[in-house]
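Okay, so here's the structure we're looking at.
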Amino acid sequence: MPAERLQKLLARSGFGSRRSAELVIAAGRVTVDGVVAVLGTRADPDAQRIEVDGERIRLEPEDVTIVLNKPTGVVVTAVDDRGRQTVFDILHDPPPHLRYVGRLDRDTSGLLLLTTEGELAHRLTHPRYEVLKTYEATVDGVVAEGAIQ
């Protein structure tokens, strides 16, 4: 694996976003082969020892994307403070750093993507990329005039 920017490696290993990883580096908490890293440092995790606060980082070997048919009654969140079942509860042993792409209401079922690939999630959700999304709803009763808008 070629050397990558340290903040990218830290983000992949669970230290938040690339921006928050930059703060960890700037605080002097990261070492590469025992030397305190600075912003702009590049490293090869296969050939070098990268540590945060003395603990070696662990990278996931590959990005994972899951296509899930979310059932009704399940909330799209990592942890629910009300104890409701979440999409992560229904996955068998989800990989660390898995995040959902978009959301579906608890009472809604349908396709939901979950991925460890931050760039994919960003490109699918950021308005700048204008990814077209189509929603289909079946409702009980009559929809009031103008409610669809």
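FYI, nothing fancy with the structure tokens labels: chains A, B, ... in order, residues from 1 per chain, ligands from 1 as they appear.
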Identify, on the basis of only C-alpha atoms, every residue whose closest approach to Val87 (chain A) does not exceed 8 Å; exclude the query and any residue fewer than 4 positions from it along the same chain; express the result as a list in words. Lys70, Val74, Val75, Val76, Thr77, Ala78 and Leu91 of chain A
Writer output for current selection, C-alpha atoms, as an mmCIF file, in the first residue's frame:
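Written output follows (out_17.cif):
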data_model
loop_
_atom_site.group_PDB
_atom_site.id
_atom_site.type_symbol
_atom_site.label_atom_id
_atom_site.label_comp_id
_atom_site.auth_asym_id
_atom_site.auth_seq_id
_atom_site.Cartn_x
_atom_site.Cartn_y
_atom_site.Cartn_z
ATOM 1 C CA LYS A 70 -34.961 -1.665 6.034
ATOM 2 C CA VAL A 74 -36.457 0.051 12.786
ATOM 3 C CA VAL A 75 -34.759 3.423 13.285
ATOM 4 C CA VAL A 76 -31.865 4.652 11.159
ATOM 5 C CA THR A 77 -29.339 5.578 13.806
ATOM 6 C CA ALA A 78 -26.313 3.970 15.417
ATOM 7 C CA LEU A 91 -27.035 -6.501 10.926
#
Which residues are close to Asp33 (chain A), i.e. within 8 Å by only C-alpha atoms, leaving aside same-chain residues fewer than 3 positions away? Reply as a list in words.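 The residues satisfying every condition are Gln48, Arg49 and Ile50 of chain A.
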Output of the above residues as a JSON list (two decimals), in the first residue's frame, restricted to N, CA, C and O atoms:
[["chain", "number", "residue", "atom", "x", "y", "z"],
["A", 48, "GLN", "N", 4.84, 0.87, 8.38],
["A", 48, "GLN", "CA", 5.20, 1.74, 9.50],
["A", 48, "GLN", "C", 4.23, 1.54, 10.66],
["A", 48, "GLN", "O", 3.07, 1.16, 10.46],
["A", 49, "ARG", "N", 4.72, 1.83, 11.86],
["A", 49, "ARG", "CA", 3.89, 1.72, 13.06],
["A", 49, "ARG", "C", 3.29, 3.10, 13.36],
["A", 49, "ARG", "O", 4.01, 4.05, 13.65],
["A", 50, "ILE", "N", 1.97, 3.19, 13.26],
["A", 50, "ILE", "CA", 1.26, 4.45, 13.49],
["A", 50, "ILE", "C", 0.48, 4.29, 14.79],
["A", 50, "ILE", "O", -0.30, 3.34, 14.94]]
Test item: residues at most 8 Å from Thr65 (chain A), only C-alpha atoms, excluding those fewer than 4 positions along its chain, as a list in words: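 The filter keeps Leu113, Leu114, Thr115, Thr116 and Glu117 of chain A.
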Using N, CA and C atoms, can you export the residues from the last selection as a PDB file, in the first residue's frame?
ATOM      1  N   LEU A 113     -28.576   2.275   2.049  1.00  0.00           N
ATOM      2  CA  LEU A 113     -27.169   1.912   1.908  1.00  0.00           C
ATOM      3  C   LEU A 113     -26.438   2.225   3.200  1.00  0.00           C
ATOM      4  N   LEU A 114     -25.532   1.336   3.579  1.00  0.00           N
ATOM      5  CA  LEU A 114     -24.624   1.557   4.692  1.00  0.00           C
ATOM      6  C   LEU A 114     -23.222   1.285   4.163  1.00  0.00           C
ATOM      7  N   THR A 115     -22.254   2.124   4.508  1.00  0.00           N
ATOM      8  CA  THR A 115     -20.926   1.969   3.934  1.00  0.00           C
ATOM      9  C   THR A 115     -19.844   2.422   4.907  1.00  0.00           C
ATOM     10  N   THR A 116     -18.655   1.876   4.715  1.00  0.00           N
ATOM     11  CA  THR A 116     -17.473   2.351   5.429  1.00  0.00           C
ATOM     12  C   THR A 116     -16.696   3.338   4.563  1.00  0.00           C
ATOM     13  N   GLU A 117     -17.152   3.529   3.326  1.00  0.00           N
ATOM     14  CA  GLU A 117     -16.462   4.391   2.379  1.00  0.00           C
ATOM     15  C   GLU A 117     -17.018   5.805   2.461  1.00  0.00           C
TER      16      GLU A 117
END
For each of A:Gly141, A:Gly83, A:Gly40, A:Gly118, take the minimum atom-to-atom distance to Arg12 (chain A), counting only C-alpha atoms, then give the residue where this is smallest.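 Answer, going by the shortest atom-to-atom distance: A:Gly118.
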